[in-house]
>>> print(open('query.txt').read())   # compact mmCIF, C-alpha atoms and all ligand atoms
# COMPACT_ATOMS: atom_id res chain seq x y z
CA MET A 1 -21.83 -15.61 13.73
CA VAL A 2 -20.06 -12.90 11.70
CA SER A 3 -16.96 -13.52 9.66
CA TRP A 4 -14.39 -11.48 7.75
CA SER A 5 -11.91 -12.56 5.13
CA ASN A 6 -9.44 -10.76 2.96
CA TRP A 7 -9.62 -10.47 -0.84
CA SER A 8 -7.80 -13.70 -1.63
CA GLY A 9 -9.22 -15.76 1.23
CA ARG A 10 -5.73 -16.19 2.71
CA HIS A 11 -6.86 -14.63 6.00
CA SER A 12 -10.23 -15.15 7.62
CA VAL A 13 -11.55 -14.64 11.11
CA ARG A 14 -14.76 -14.79 13.13
CA PRO A 15 -14.69 -11.56 15.14
CA GLU A 16 -17.25 -10.68 17.80
CA ASP A 17 -18.73 -8.08 15.46
CA VAL A 18 -18.22 -6.25 12.18
CA HIS A 19 -19.34 -2.65 12.62
CA PHE A 20 -20.01 -0.37 9.64
CA VAL A 21 -19.01 3.18 10.55
CA ARG A 22 -20.78 6.00 8.71
CA SER A 23 -19.88 9.05 10.79
CA GLU A 24 -17.06 10.37 12.96
CA ASP A 25 -19.42 10.36 15.96
CA ASP A 26 -20.03 6.66 15.39
CA ALA A 27 -16.29 5.96 15.05
CA CYS A 28 -15.66 7.66 18.41
CA GLY A 29 -18.61 5.82 19.98
CA VAL A 30 -17.29 2.44 18.81
CA THR A 31 -13.85 3.04 20.26
CA ARG A 32 -15.30 4.30 23.59
CA ASP A 33 -17.51 1.23 23.93
CA ALA A 34 -14.80 -1.22 22.89
CA GLN A 35 -12.40 0.35 25.40
CA ALA A 36 -15.00 0.00 28.16
CA ARG A 37 -15.64 -3.64 27.25
CA GLY A 38 -11.97 -4.52 26.69
CA GLN A 39 -12.61 -5.55 23.07
CA SER A 40 -9.93 -5.08 20.42
CA ILE A 41 -10.61 -3.14 17.23
CA ARG A 42 -9.12 -3.61 13.79
CA VAL A 43 -10.21 -1.45 10.88
CA ALA A 44 -10.69 -2.99 7.43
CA GLY A 45 -10.29 -1.19 4.13
CA SER A 46 -10.93 -3.36 1.07
CA GLY A 47 -9.11 -6.36 2.58
CA HIS A 48 -6.50 -6.40 -0.20
CA SER A 49 -3.54 -6.98 2.11
CA HIS A 50 -1.81 -10.35 2.00
CA SER A 51 -0.38 -9.78 5.48
CA PRO A 52 -2.49 -10.43 8.61
CA LEU A 53 -3.04 -6.77 9.42
CA VAL A 54 -6.83 -6.76 9.64
CA PRO A 55 -7.89 -10.02 11.34
CA GLY A 56 -8.75 -9.59 15.00
CA ASN A 57 -11.05 -11.34 17.44
CA GLY A 58 -12.87 -8.28 18.77
CA ILE A 59 -14.53 -5.75 16.49
CA ILE A 60 -13.67 -5.26 12.84
CA VAL A 61 -14.66 -1.79 11.75
CA ASP A 62 -15.56 -1.33 8.10
CA SER A 63 -15.10 2.34 7.24
CA SER A 64 -16.43 2.19 3.67
CA GLY A 65 -19.41 4.34 4.76
CA LEU A 66 -16.99 7.22 5.32
CA SER A 67 -16.67 8.01 1.66
CA GLY A 68 -16.23 11.02 -0.63
CA ILE A 69 -14.40 14.33 -0.72
CA LYS A 70 -14.94 16.40 2.42
CA SER A 71 -13.33 19.67 1.30
CA HIS A 72 -10.54 20.96 -0.90
CA ASP A 73 -8.22 23.93 -1.12
CA PRO A 74 -7.52 25.12 -4.68
CA GLN A 75 -4.60 27.24 -3.45
CA THR A 76 -2.62 24.28 -2.09
CA ASN A 77 -4.12 21.46 -4.19
CA ARG A 78 -4.94 19.62 -1.00
CA ALA A 79 -8.19 17.85 -0.16
CA TRP A 80 -9.66 16.24 2.93
CA ILE A 81 -11.00 12.87 1.80
CA TRP A 82 -13.11 10.49 3.87
CA ALA A 83 -10.90 7.57 4.83
CA GLY A 84 -13.05 4.69 3.58
CA SER A 85 -13.30 6.08 0.02
CA LYS A 86 -12.29 3.50 -2.54
CA ILE A 87 -9.55 4.85 -4.77
CA TYR A 88 -11.65 4.08 -7.87
CA SER A 89 -14.39 6.34 -6.50
CA LEU A 90 -12.05 9.33 -6.22
CA GLY A 91 -10.73 9.70 -9.76
CA ARG A 92 -13.75 11.38 -11.31
CA PRO A 93 -14.73 13.73 -8.44
CA LEU A 94 -11.13 14.87 -8.03
CA HIS A 95 -10.91 15.36 -11.78
CA ASP A 96 -14.02 17.56 -11.63
CA LEU A 97 -12.10 19.75 -9.17
CA GLY A 98 -9.12 19.80 -11.58
CA LEU A 99 -7.15 17.54 -9.23
CA ALA A 100 -5.57 14.10 -9.19
CA LEU A 101 -3.63 11.72 -6.98
CA LYS A 102 0.05 12.12 -7.88
CA ASN A 103 0.36 8.37 -8.29
CA GLN A 104 -1.44 5.19 -7.29
CA GLY A 105 -0.98 1.43 -7.30
CA ASP A 106 -1.56 -1.22 -9.88
CA ILE A 107 -5.23 -1.56 -8.90
CA ASP A 108 -7.71 0.97 -7.52
CA ARG A 109 -9.86 -1.31 -5.33
CA GLN A 110 -8.19 -0.22 -2.08
CA ALA A 111 -9.70 2.17 0.44
CA LEU A 112 -7.68 5.38 0.65
CA ALA A 113 -6.88 4.81 4.34
CA GLY A 114 -6.04 1.17 3.68
CA ALA A 115 -3.61 2.06 0.88
CA CYS A 116 -1.93 4.80 2.93
CA ALA A 117 -1.73 2.58 6.04
CA THR A 118 0.66 0.20 4.23
CA GLY A 119 2.69 2.54 1.99
CA THR A 120 0.96 1.55 -1.25
CA HIS A 121 2.82 2.83 -4.30
CA GLY A 122 2.86 2.80 -8.07
CA THR A 123 5.98 3.18 -10.15
CA GLY A 124 8.12 6.20 -11.04
CA ARG A 125 11.65 7.22 -10.09
CA GLN A 126 10.40 10.62 -8.94
CA LEU A 127 7.02 9.54 -7.61
CA GLN A 128 6.50 8.80 -3.92
CA ASN A 129 4.05 6.39 -2.37
CA LEU A 130 0.57 7.40 -1.18
CA SER A 131 1.58 7.70 2.50
CA ALA A 132 4.02 10.48 1.58
CA ALA A 133 1.09 12.54 0.26
CA VAL A 134 -0.76 12.44 3.60
CA THR A 135 -0.62 15.99 5.01
CA GLY A 136 -3.26 15.56 7.71
CA ALA A 137 -5.39 12.94 9.42
CA ARG A 138 -8.49 12.79 11.61
CA ILE A 139 -8.47 9.79 13.92
CA ALA A 140 -10.95 8.35 16.42
CA LEU A 141 -8.57 7.38 19.21
CA ALA A 142 -8.87 4.59 21.77
CA SER A 143 -10.00 7.23 24.30
CA GLY A 144 -13.06 7.95 22.18
CA GLU A 145 -11.73 11.41 21.24
CA LEU A 146 -11.42 12.63 17.66
CA LEU A 147 -7.95 14.02 17.00
CA GLU A 148 -6.79 16.07 14.02
CA CYS A 149 -3.10 16.07 13.18
CA SER A 150 -0.76 17.57 10.61
CA ALA A 151 2.84 18.78 10.36
CA THR A 152 1.86 21.77 12.54
CA GLN A 153 -0.67 20.17 14.92
CA ASN A 154 0.07 17.00 16.92
CA ASP A 155 2.99 16.56 14.53
CA LYS A 156 4.39 13.31 15.96
CA ILE A 157 0.99 11.63 15.73
CA TRP A 158 0.68 12.91 12.16
CA GLN A 159 4.05 11.48 11.26
CA ALA A 160 3.08 8.07 12.68
CA SER A 161 -0.38 8.25 11.09
CA ARG A 162 0.88 8.63 7.52
CA LEU A 163 1.69 4.92 7.50
CA SER A 164 -0.32 3.68 10.48
CA LEU A 165 -0.80 -0.08 9.95
CA GLY A 166 -4.31 0.70 11.22
CA SER A 167 -2.91 0.81 14.74
CA LEU A 168 -3.38 4.36 15.97
CA GLY A 169 -7.19 4.44 15.83
CA ILE A 170 -9.97 4.59 13.28
CA THR A 171 -8.84 7.04 10.61
CA THR A 172 -11.94 8.94 9.55
CA ALA A 173 -10.42 11.34 7.00
CA LEU A 174 -7.07 12.04 5.39
CA GLU A 175 -5.80 15.30 3.95
CA MET A 176 -3.90 14.50 0.76
CA GLN A 177 -1.44 16.55 -1.24
CA LEU A 178 -2.78 16.30 -4.78
CA CYS A 179 -1.69 17.77 -8.10
CA PRO A 180 -3.46 19.25 -11.11
CA ALA A 181 -5.30 16.63 -13.19
CA TYR A 182 -3.12 15.12 -15.93
CA LYS A 183 -3.40 12.86 -18.93
CA LEU A 184 -1.21 9.82 -19.50
CA ILE A 185 -0.14 7.82 -22.50
CA GLU A 186 0.79 4.20 -21.96
CA SER A 187 2.91 2.01 -24.17
CA GLY A 188 4.42 -1.38 -23.77
CA PHE A 189 6.43 -4.02 -25.53
CA ASN A 190 7.48 -7.61 -25.09
CA THR A 191 11.16 -8.35 -25.30
CA GLU A 192 13.81 -10.85 -24.32
CA HIS A 193 14.96 -10.43 -20.75
CA ASP A 194 18.65 -10.29 -21.74
CA LYS A 195 18.03 -7.54 -24.27
CA LEU A 196 16.00 -5.52 -21.75
CA VAL A 197 18.36 -5.50 -18.77
CA PRO A 198 21.08 -3.22 -20.24
CA ARG A 199 18.36 -0.72 -21.24
CA ILE A 200 16.69 -0.49 -17.84
CA PRO A 201 18.70 2.43 -16.36
CA GLU A 202 17.98 4.52 -19.47
CA LEU A 203 14.28 3.60 -19.52
CA VAL A 204 13.89 4.39 -15.80
CA ALA A 205 15.59 7.77 -16.26
CA LYS A 206 13.75 8.73 -19.45
CA HIS A 207 10.16 7.87 -18.55
CA GLU A 208 7.97 9.13 -15.72
CA ARG A 209 6.70 5.61 -15.01
CA PHE A 210 8.53 2.43 -15.98
CA GLU A 211 8.01 -1.14 -14.87
CA PHE A 212 8.52 -4.60 -16.20
CA PHE A 213 7.39 -8.15 -15.55
CA TRP A 214 9.63 -11.13 -16.16
CA TYR A 215 7.91 -14.47 -16.69
CA PRO A 216 9.81 -17.29 -14.94
CA GLY A 217 10.40 -20.36 -17.07
CA THR A 218 10.78 -18.13 -20.13
CA ASP A 219 13.21 -15.47 -21.32
CA GLN A 220 10.37 -13.06 -21.96
CA ALA A 221 9.65 -9.77 -20.25
CA THR A 222 6.86 -7.24 -20.69
CA VAL A 223 7.70 -3.56 -20.32
CA LYS A 224 5.17 -0.91 -19.44
CA ILE A 225 5.93 2.79 -19.90
CA ILE A 226 3.61 5.65 -18.95
CA ASP A 227 4.25 9.35 -19.57
CA ARG A 228 2.28 12.57 -19.37
CA THR A 229 0.68 13.74 -22.58
CA ASP A 230 -1.42 16.53 -24.04
CA VAL A 231 -2.92 14.42 -26.80
CA GLU A 232 -6.62 13.80 -26.82
CA ALA A 233 -7.92 10.97 -24.62
CA ARG A 234 -9.15 7.92 -26.55
CA TYR A 235 -12.48 6.33 -25.61
CA PRO A 236 -13.41 3.68 -24.92
CA VAL A 237 -10.24 3.37 -22.91
CA ASP A 238 -7.91 0.87 -24.62
CA ALA A 239 -6.62 -2.35 -23.13
CA GLU A 240 -3.76 -2.28 -20.61
CA GLY A 241 -0.56 -1.34 -22.41
CA SER A 242 -2.00 1.17 -24.88
CA ARG A 243 -4.27 3.57 -22.98
CA VAL A 244 -4.40 7.32 -23.57
CA ALA A 245 -6.68 9.01 -21.05
CA TRP A 246 -6.77 10.79 -17.70
CA ASN A 247 -4.54 9.59 -14.86
CA TYR A 248 -7.27 7.68 -13.02
CA GLU A 249 -8.30 5.90 -16.23
CA VAL A 250 -4.82 4.75 -17.22
CA LEU A 251 -3.14 3.76 -13.95
CA PRO A 252 -5.41 1.04 -12.53
CA ASN A 253 -5.51 -2.48 -13.91
CA HIS A 254 -7.76 -5.49 -13.58
CA ARG A 255 -6.10 -8.23 -11.51
CA PRO A 256 -8.79 -10.85 -10.93
CA HIS A 257 -6.68 -13.96 -10.24
CA PHE A 258 -6.37 -14.74 -6.55
CA HIS A 259 -2.76 -14.91 -5.52
CA THR A 260 -0.32 -14.10 -2.74
CA GLU A 261 2.54 -11.67 -3.13
CA MET A 262 5.83 -10.87 -1.45
CA GLU A 263 7.40 -7.52 -2.27
CA TYR A 264 10.62 -6.03 -0.99
CA SER A 265 11.98 -2.52 -1.43
CA VAL A 266 15.73 -2.32 -1.96
CA PRO A 267 17.97 0.71 -2.51
CA ALA A 268 17.57 1.85 -6.12
CA GLU A 269 21.23 1.25 -6.93
CA SER A 270 20.90 -2.44 -5.89
CA GLY A 271 17.73 -3.11 -7.84
CA LEU A 272 19.21 -4.81 -10.88
CA ASN A 273 21.63 -7.00 -8.91
CA CYS A 274 18.90 -8.06 -6.52
CA PHE A 275 16.56 -8.86 -9.41
CA ALA A 276 19.34 -10.93 -11.07
CA ASP A 277 19.74 -12.97 -7.86
CA ILE A 278 15.99 -13.60 -7.62
CA ARG A 279 15.94 -14.69 -11.24
CA GLN A 280 18.86 -17.04 -10.65
CA LEU A 281 17.08 -18.50 -7.61
CA LEU A 282 13.95 -19.17 -9.64
CA LYS A 283 15.85 -20.82 -12.47
CA ARG A 284 17.90 -22.98 -10.11
CA ASP A 285 15.51 -23.91 -7.29
CA PHE A 286 11.94 -23.10 -8.32
CA PRO A 287 11.63 -23.98 -12.02
CA ASP A 288 7.90 -24.69 -11.68
CA VAL A 289 6.92 -21.15 -10.65
CA VAL A 290 5.17 -19.38 -13.53
CA TRP A 291 3.80 -16.25 -11.83
CA PRO A 292 5.68 -13.10 -12.91
CA VAL A 293 8.31 -11.11 -11.06
CA GLU A 294 7.60 -7.37 -11.14
CA TYR A 295 10.15 -4.53 -11.02
CA ARG A 296 9.15 -0.95 -10.14
CA THR A 297 10.70 2.26 -8.77
CA VAL A 298 9.60 4.62 -5.98
CA ALA A 299 11.03 7.99 -4.87
CA ALA A 300 12.49 8.50 -1.38
CA ASP A 301 10.31 9.98 1.38
CA ASP A 302 10.41 10.85 5.09
CA VAL A 303 7.48 8.74 6.29
CA TRP A 304 8.47 6.85 9.46
CA LEU A 305 7.65 3.27 8.47
CA SER A 306 7.79 3.77 4.71
CA MET A 307 9.62 1.18 2.65
CA ALA A 308 11.16 4.15 0.76
CA ASN A 309 12.14 6.11 3.88
CA GLY A 310 15.34 7.99 3.13
CA ARG A 311 16.22 6.22 -0.09
CA GLY A 312 15.30 5.99 -3.75
CA THR A 313 13.84 2.54 -4.13
CA VAL A 314 13.36 -0.38 -6.46
CA THR A 315 10.54 -2.74 -5.54
CA ILE A 316 10.65 -6.38 -6.59
CA SER A 317 7.53 -8.50 -6.23
CA VAL A 318 7.12 -12.23 -6.49
CA HIS A 319 3.72 -13.87 -6.82
CA GLN A 320 2.20 -17.28 -6.40
CA ASP A 321 -1.24 -18.78 -6.96
CA ILE A 322 -3.44 -18.69 -3.84
CA LYS A 323 -3.83 -22.49 -4.01
CA ALA A 324 -0.07 -23.16 -4.00
CA ASP A 325 2.14 -23.26 -0.90
CA GLU A 326 4.41 -20.29 -1.42
CA THR A 327 6.40 -20.65 1.82
CA ALA A 328 9.66 -22.22 0.60
CA TYR A 329 9.76 -19.96 -2.46
CA TYR A 330 9.07 -16.74 -0.56
CA GLN A 331 11.46 -17.60 2.28
CA ALA A 332 14.26 -18.17 -0.21
CA CYS A 333 13.45 -14.83 -1.88
CA GLU A 334 13.35 -13.08 1.49
CA GLU A 335 16.87 -14.28 2.28
CA ILE A 336 18.10 -12.61 -0.90
CA PHE A 337 16.09 -9.42 -0.33
CA LEU A 338 17.57 -9.07 3.17
CA THR A 339 21.14 -9.27 1.86
CA TYR A 340 20.31 -6.09 -0.08
CA GLY A 341 18.90 -4.27 2.96
CA GLY A 342 15.36 -4.91 1.76
CA ARG A 343 12.23 -3.73 3.54
CA PRO A 344 9.01 -5.74 3.15
CA HIS A 345 5.81 -4.18 1.86
CA TRP A 346 3.47 -3.93 4.84
CA GLY A 347 0.50 -5.24 2.89
CA LYS A 348 2.29 -8.29 1.47
CA VAL A 349 3.81 -11.50 2.78
CA ASN A 350 6.94 -11.45 4.94
CA TYR A 351 8.36 -13.62 7.73
CA LEU A 352 10.24 -10.98 9.75
CA ASP A 353 10.02 -10.54 13.51
CA GLY A 354 10.02 -7.25 15.41
CA SER A 355 13.79 -7.04 15.82
CA GLN A 356 14.39 -7.57 12.09
CA LEU A 357 11.83 -4.88 11.28
CA ALA A 358 13.48 -2.57 13.81
CA THR A 359 16.76 -3.03 11.92
CA ALA A 360 15.07 -2.28 8.60
CA HIS A 361 13.27 0.88 9.79
CA PRO A 362 15.29 3.71 11.41
CA ASP A 363 12.13 5.22 12.94
CA TRP A 364 10.69 1.96 14.31
CA GLN A 365 11.04 2.96 17.99
CA ALA A 366 9.66 6.47 17.38
CA TRP A 367 6.61 5.03 15.61
CA TRP A 368 5.88 2.58 18.41
CA ALA A 369 6.38 5.24 21.09
CA VAL A 370 3.67 7.40 19.49
CA ARG A 371 1.39 4.45 18.87
CA ASP A 372 1.68 3.18 22.43
CA GLU A 373 1.09 6.67 23.81
CA VAL A 374 -2.23 7.14 21.98
CA ASP A 375 -3.35 3.56 22.63
CA PRO A 376 -1.66 2.39 25.86
CA ASP A 377 -3.96 -0.62 26.30
CA GLY A 378 -3.31 -1.96 22.80
CA LEU A 379 -6.95 -1.70 21.75
CA PHE A 380 -5.86 -1.37 18.10
CA LEU A 381 -3.38 -4.27 18.06
CA ASN A 382 -4.06 -7.79 16.85
CA SER A 383 -1.89 -10.79 17.66
CA TYR A 384 0.36 -10.19 14.62
CA LEU A 385 1.08 -6.58 15.60
CA LYS A 386 1.51 -7.51 19.27
CA SER A 387 4.18 -9.99 18.18
CA LEU A 388 6.12 -7.07 16.63
CA GLN A 389 5.70 -4.63 19.54
CA PRO A 390 9.04 -3.68 21.16
CA ASP A 391 9.45 -4.51 24.88
CA ARG A 392 9.38 -1.46 27.10
C1 LIG B 401 -4.44 -7.41 -6.64
C2 LIG B 401 -3.62 -6.50 -5.74
C3 LIG B 401 -2.86 -5.52 -6.30
C4 LIG B 401 -2.08 -4.68 -5.48
N1 LIG B 401 -1.31 -3.72 -6.07
C5 LIG B 401 -0.50 -2.96 -5.31
C6 LIG B 401 0.34 -1.98 -5.89
O1 LIG B 401 0.35 -1.77 -7.09
N2 LIG B 401 1.15 -1.27 -5.08
C7 LIG B 401 1.19 -1.49 -3.73
O2 LIG B 401 1.98 -0.83 -3.06
N3 LIG B 401 0.39 -2.38 -3.15
C8 LIG B 401 -0.46 -3.11 -3.90
N4 LIG B 401 -1.28 -4.03 -3.31
C9 LIG B 401 -1.33 -4.07 -1.84
C10 LIG B 401 -2.43 -3.14 -1.32
O3 LIG B 401 -2.38 -1.89 -1.94
C11 LIG B 401 -2.27 -2.92 0.19
O4 LIG B 401 -2.24 -4.14 0.85
C12 LIG B 401 -3.35 -2.01 0.75
O5 LIG B 401 -3.10 -1.78 2.10
C13 LIG B 401 -4.74 -2.60 0.59
O6 LIG B 401 -5.70 -1.61 0.89
P1 LIG B 401 -7.08 -2.02 1.53
O7 LIG B 401 -8.00 -0.87 1.46
O8 LIG B 401 -7.54 -3.29 0.97
O9 LIG B 401 -6.65 -2.19 3.07
P2 LIG B 401 -6.74 -3.47 4.04
O10 LIG B 401 -5.94 -4.54 3.46
O11 LIG B 401 -8.16 -3.73 4.35
O12 LIG B 401 -6.04 -2.84 5.31
C14 LIG B 401 -4.69 -2.45 5.25
C15 LIG B 401 -4.34 -1.67 6.51
O13 LIG B 401 -5.08 -0.44 6.52
C16 LIG B 401 -5.74 -0.28 7.76
N5 LIG B 401 -6.93 0.53 7.55
C17 LIG B 401 -7.83 0.45 6.54
N6 LIG B 401 -8.78 1.41 6.69
C18 LIG B 401 -8.49 2.08 7.82
C19 LIG B 401 -9.08 3.19 8.52
N7 LIG B 401 -10.18 3.82 8.08
N8 LIG B 401 -8.51 3.59 9.68
C20 LIG B 401 -7.38 3.01 10.16
N9 LIG B 401 -6.77 1.97 9.52
C21 LIG B 401 -7.31 1.52 8.37
C22 LIG B 401 -6.02 -1.71 8.21
O14 LIG B 401 -6.26 -1.79 9.60
C23 LIG B 401 -4.73 -2.40 7.79
O15 LIG B 401 -3.74 -2.19 8.77
C24 LIG B 401 -2.08 -4.86 -4.08
C25 LIG B 401 -2.87 -5.87 -3.51
C26 LIG B 401 -3.63 -6.69 -4.33
C27 LIG B 401 -4.46 -7.79 -3.71
>>> encode(input="query.txt", output="structure tokens", more="lines below")
Ligand SMILES: Cc1cc2nc3c(=O)[nH]c(=O)nc-3n(C[C@H](O)[C@H](O)[C@H](O)COP(=O)(O)OP(=O)(O)OC[C@H]3O[C@@H](n4cnc5c(N)ncnc54)[C@H](O)[C@@H]3O)c2cc1C
Amino acid sequence: MVSWSNWSGRHSVRPEDVHFVRSEDDACGVTRDAQARGQSIRVAGSGHSHSPLVPGNGIIVDSSGLSGIKSHDPQTNRAWIWAGSKIYSLGRPLHDLGLALKNQGDIDRQALAGACATGTHGTGRQLQNLSAAVTGARIALASGELLECSATQNDKIWQASRLSLGSLGITTALEMQLCPAYKLIESGFNTEHDKLVPRIPELVAKHERFEFFWYPGTDQATVKIIDRTDVEARYPVDAEGSRVAWNYEVLPNHRPHFHTEMEYSVPAESGLNCFADIRQLLKRDFPDVVWPVEYRTVAADDVWLSMANGRGTVTISVHQDIKADETAYYQACEEIFLTYGGRPHWGKVNYLDGSQLATAHPDWQAWWAVRDEVDPDGLFLNSYLKSLQPDR
């Protein structure tokens, strides 16, 4: 019997089959067959989501065989990239074309389609998440057809596909807006939390990428700052906190410890107050938590289900060891995040139902209308997503 589990082991399932897709023809064939047999399909990237997006009882499609750069346009700095490509596999080949992702997350283990499907982001006041860079998509639909979409072709489907939750079909390739390759210099320092807080607005404004971690149970915080540079890259690449190299060598980190994570996006102007409330909560009610709280920034975008839709954003993440029961801690944090109009990260833990998510996302109904139109039988929904589906 086959099984699938996510990175941390939090979610596991025994589906009817795990199918490795290596071509667009195969992706279309799988959807046609599943439709005929009434089997559900979920597509897996690298399984790095903490939320139950991938588990399903029918077929789990692994698209890691759809990998590499399909084509690129040096005039527009755009490239069609096969959807299952791991982000770590893209840095060097894009660099060889003189190109780079504008930003990326804390790790580079994700599949490109997996990262885009949940609004994965890095940090930077003027830097959007990965979904905002999706300018086109090729999708094997429930009907078995392959559809291409962009702002000028099947535009509503394109808009929904930029952050798809894996629910429109099997994404086979994404067209990404890239930028010229760039070098980065990273610096960091440890400081007392109380000394850092008054400096945060200035640090966010001054540096291209700023983030910090506060360690509960202590007054210590670690700041990380990353800016563009023309100085020569240093090899071997230094340890996290002092790297000078190309974008794809500096941005990803090694995060080997299995954990769960809750992350909410709040309006940028509320970030510091919200963080102060979370800190107070930890000190008062959860003094035993030692995993850090992370503070980052993301630029506004127009992606339908994006956590940064329509507003400059601060993201605040709380973590807990995979072996600990995080429920009481995360639920208390969620209450605070919601008072600030927070939106949960799609790939991380949250406890919201469909009506709460509809309140958080202005384009919730539009997204579902497109999704339901391309997949009326709900082939690409699992029980979690069905529980969020609006009644019609
Ligand atoms: C250690 C760690 C660090 C992280 N750091 C960050 C960070 O810095 N910033 C951040 O924003 N997030 C971060 N995350 C969250 C992570 O980026 C997201 O959960 C992301 O979606 C994981 O990508 P994945 O390839 O593992 O996708 P999965 O978790 O496998 O899938 C995510 C979604 O993508 C869909 N999907 C995948 N491939 C396809 C396809 N070909 N076609 C259609 N749908 C598809 C799935 O169906 C699912 O809905 C981190 C997670 C971990 C565990």
>>> closest_residue(input="query.txt", among="A:Val21, A:Ile278, A:Leu305, A:Leu97", to="Leu165 of chain A", atoms="only C-alpha atoms")
A:Leu305
>>> atom_distance(input="query.txt", atom1="atom CA of Met307 of chain A", atom2="atom CA of Tyr351 of chain A")
15.7 Å
>>> closest_residue(input="query.txt", among="A:Ala133, A:Leu101, A:Leu168, A:Val318", to="ligand LIG 401 (chain B)", atoms="only C-alpha atoms and all ligand atoms")
A:Leu168
>>> residues_near_ligand(input="query.txt", ligand="ligand LIG 401 (chain B)", cutoff="6 Å", atoms="only C-alpha atoms and all ligand atoms", output="mmCIF file with C-alpha atoms, keeping the file's coordinate frame")
data_model
loop_
_atom_site.group_PDB
_atom_site.id
_atom_site.type_symbol
_atom_site.label_atom_id
_atom_site.label_comp_id
_atom_site.auth_asym_id
_atom_site.auth_seq_id
_atom_site.Cartn_x
_atom_site.Cartn_y
_atom_site.Cartn_z
ATOM 1 C CA ARG A 42 -9.120 -3.610 13.790
ATOM 2 C CA VAL A 43 -10.210 -1.450 10.880
ATOM 3 C CA ALA A 44 -10.690 -2.990 7.430
ATOM 4 C CA GLY A 45 -10.290 -1.190 4.130
ATOM 5 C CA SER A 46 -10.930 -3.360 1.070
ATOM 6 C CA GLY A 47 -9.110 -6.360 2.580
ATOM 7 C CA HIS A 48 -6.500 -6.400 -0.200
ATOM 8 C CA SER A 49 -3.540 -6.980 2.110
ATOM 9 C CA LEU A 53 -3.040 -6.770 9.420
ATOM 10 C CA VAL A 54 -6.830 -6.760 9.640
ATOM 11 C CA SER A 63 -15.100 2.340 7.240
ATOM 12 C CA ALA A 83 -10.900 7.570 4.830
ATOM 13 C CA GLY A 84 -13.050 4.690 3.580
ATOM 14 C CA GLY A 105 -0.980 1.430 -7.300
ATOM 15 C CA ASP A 106 -1.560 -1.220 -9.880
ATOM 16 C CA ILE A 107 -5.230 -1.560 -8.900
ATOM 17 C CA GLN A 110 -8.190 -0.220 -2.080
ATOM 18 C CA ALA A 111 -9.700 2.170 0.440
ATOM 19 C CA ALA A 113 -6.880 4.810 4.340
ATOM 20 C CA GLY A 114 -6.040 1.170 3.680
ATOM 21 C CA ALA A 115 -3.610 2.060 0.880
ATOM 22 C CA ALA A 117 -1.730 2.580 6.040
ATOM 23 C CA THR A 118 0.660 0.200 4.230
ATOM 24 C CA THR A 120 0.960 1.550 -1.250
ATOM 25 C CA HIS A 121 2.820 2.830 -4.300
ATOM 26 C CA GLY A 122 2.860 2.800 -8.070
ATOM 27 C CA LEU A 165 -0.800 -0.080 9.950
ATOM 28 C CA GLY A 166 -4.310 0.700 11.220
ATOM 29 C CA GLY A 169 -7.190 4.440 15.830
ATOM 30 C CA ILE A 170 -9.970 4.590 13.280
ATOM 31 C CA THR A 171 -8.840 7.040 10.610
ATOM 32 C CA THR A 172 -11.940 8.940 9.550
ATOM 33 C CA ARG A 255 -6.100 -8.230 -11.510
ATOM 34 C CA GLY A 347 0.500 -5.240 2.890
#
>>> closest_residue(input="query.txt", among="A:Val303, A:Ala332, A:Pro256, A:Phe210", to="Arg284 of chain A", atoms="all atoms listed in the file")
A:Ala332
>>> residues_around(input="query.txt", residues="segment 177-185 of chain A", least_positions_apart="4", cutoff="7 Å", atoms="all atoms listed in the file", output="VMD selection string")
chain A and resid 77 to 79 95 98 to 102 133 to 135 226 to 230 243 to 247 250
>>> write_last_selection(input="query.txt", atoms="C-alpha atoms", output="compact mmCIF listing (two decimals), in the coordinates of the input")
# COMPACT_ATOMS: atom_id res chain seq x y z
CA ASN A 77 -4.12 21.46 -4.19
CA ARG A 78 -4.94 19.62 -1.00
CA ALA A 79 -8.19 17.85 -0.16
CA HIS A 95 -10.91 15.36 -11.78
CA GLY A 98 -9.12 19.80 -11.58
CA LEU A 99 -7.15 17.54 -9.23
CA ALA A 100 -5.57 14.10 -9.19
CA LEU A 101 -3.63 11.72 -6.98
CA LYS A 102 0.05 12.12 -7.88
CA ALA A 133 1.09 12.54 0.26
CA VAL A 134 -0.76 12.44 3.60
CA THR A 135 -0.62 15.99 5.01
CA ILE A 226 3.61 5.65 -18.95
CA ASP A 227 4.25 9.35 -19.57
CA ARG A 228 2.28 12.57 -19.37
CA THR A 229 0.68 13.74 -22.58
CA ASP A 230 -1.42 16.53 -24.04
CA ARG A 243 -4.27 3.57 -22.98
CA VAL A 244 -4.40 7.32 -23.57
CA ALA A 245 -6.68 9.01 -21.05
CA TRP A 246 -6.77 10.79 -17.70
CA ASN A 247 -4.54 9.59 -14.86
CA VAL A 250 -4.82 4.75 -17.22
>>> residues_around(input="query.txt", residues="segment 371-387 of chain A", least_positions_apart="3", cutoff="6 Å", atoms="all atoms listed in the file", output="list in words")
Ser40, Ile41, Arg42, Gly56, Ala142, Ser167, Leu168 and Trp368 of chain A
>>> atom_distance(input="query.txt", atom1="atom CA of Ala268 of chain A", atom2="atom CA of Gly312 of chain A")
5.3 Å
>>> atom_distance(input="query.txt", atom1="atom CA of Arg109 of chain A", atom2="atom CA of Tyr88 of chain A")
6.2 Å
>>> closest_residue(input="query.txt", among="A:Ser306, A:Ser265, A:Ser51, A:Gln35", to="Cys116 of chain A", atoms="all atoms listed in the file")
A:Ser306
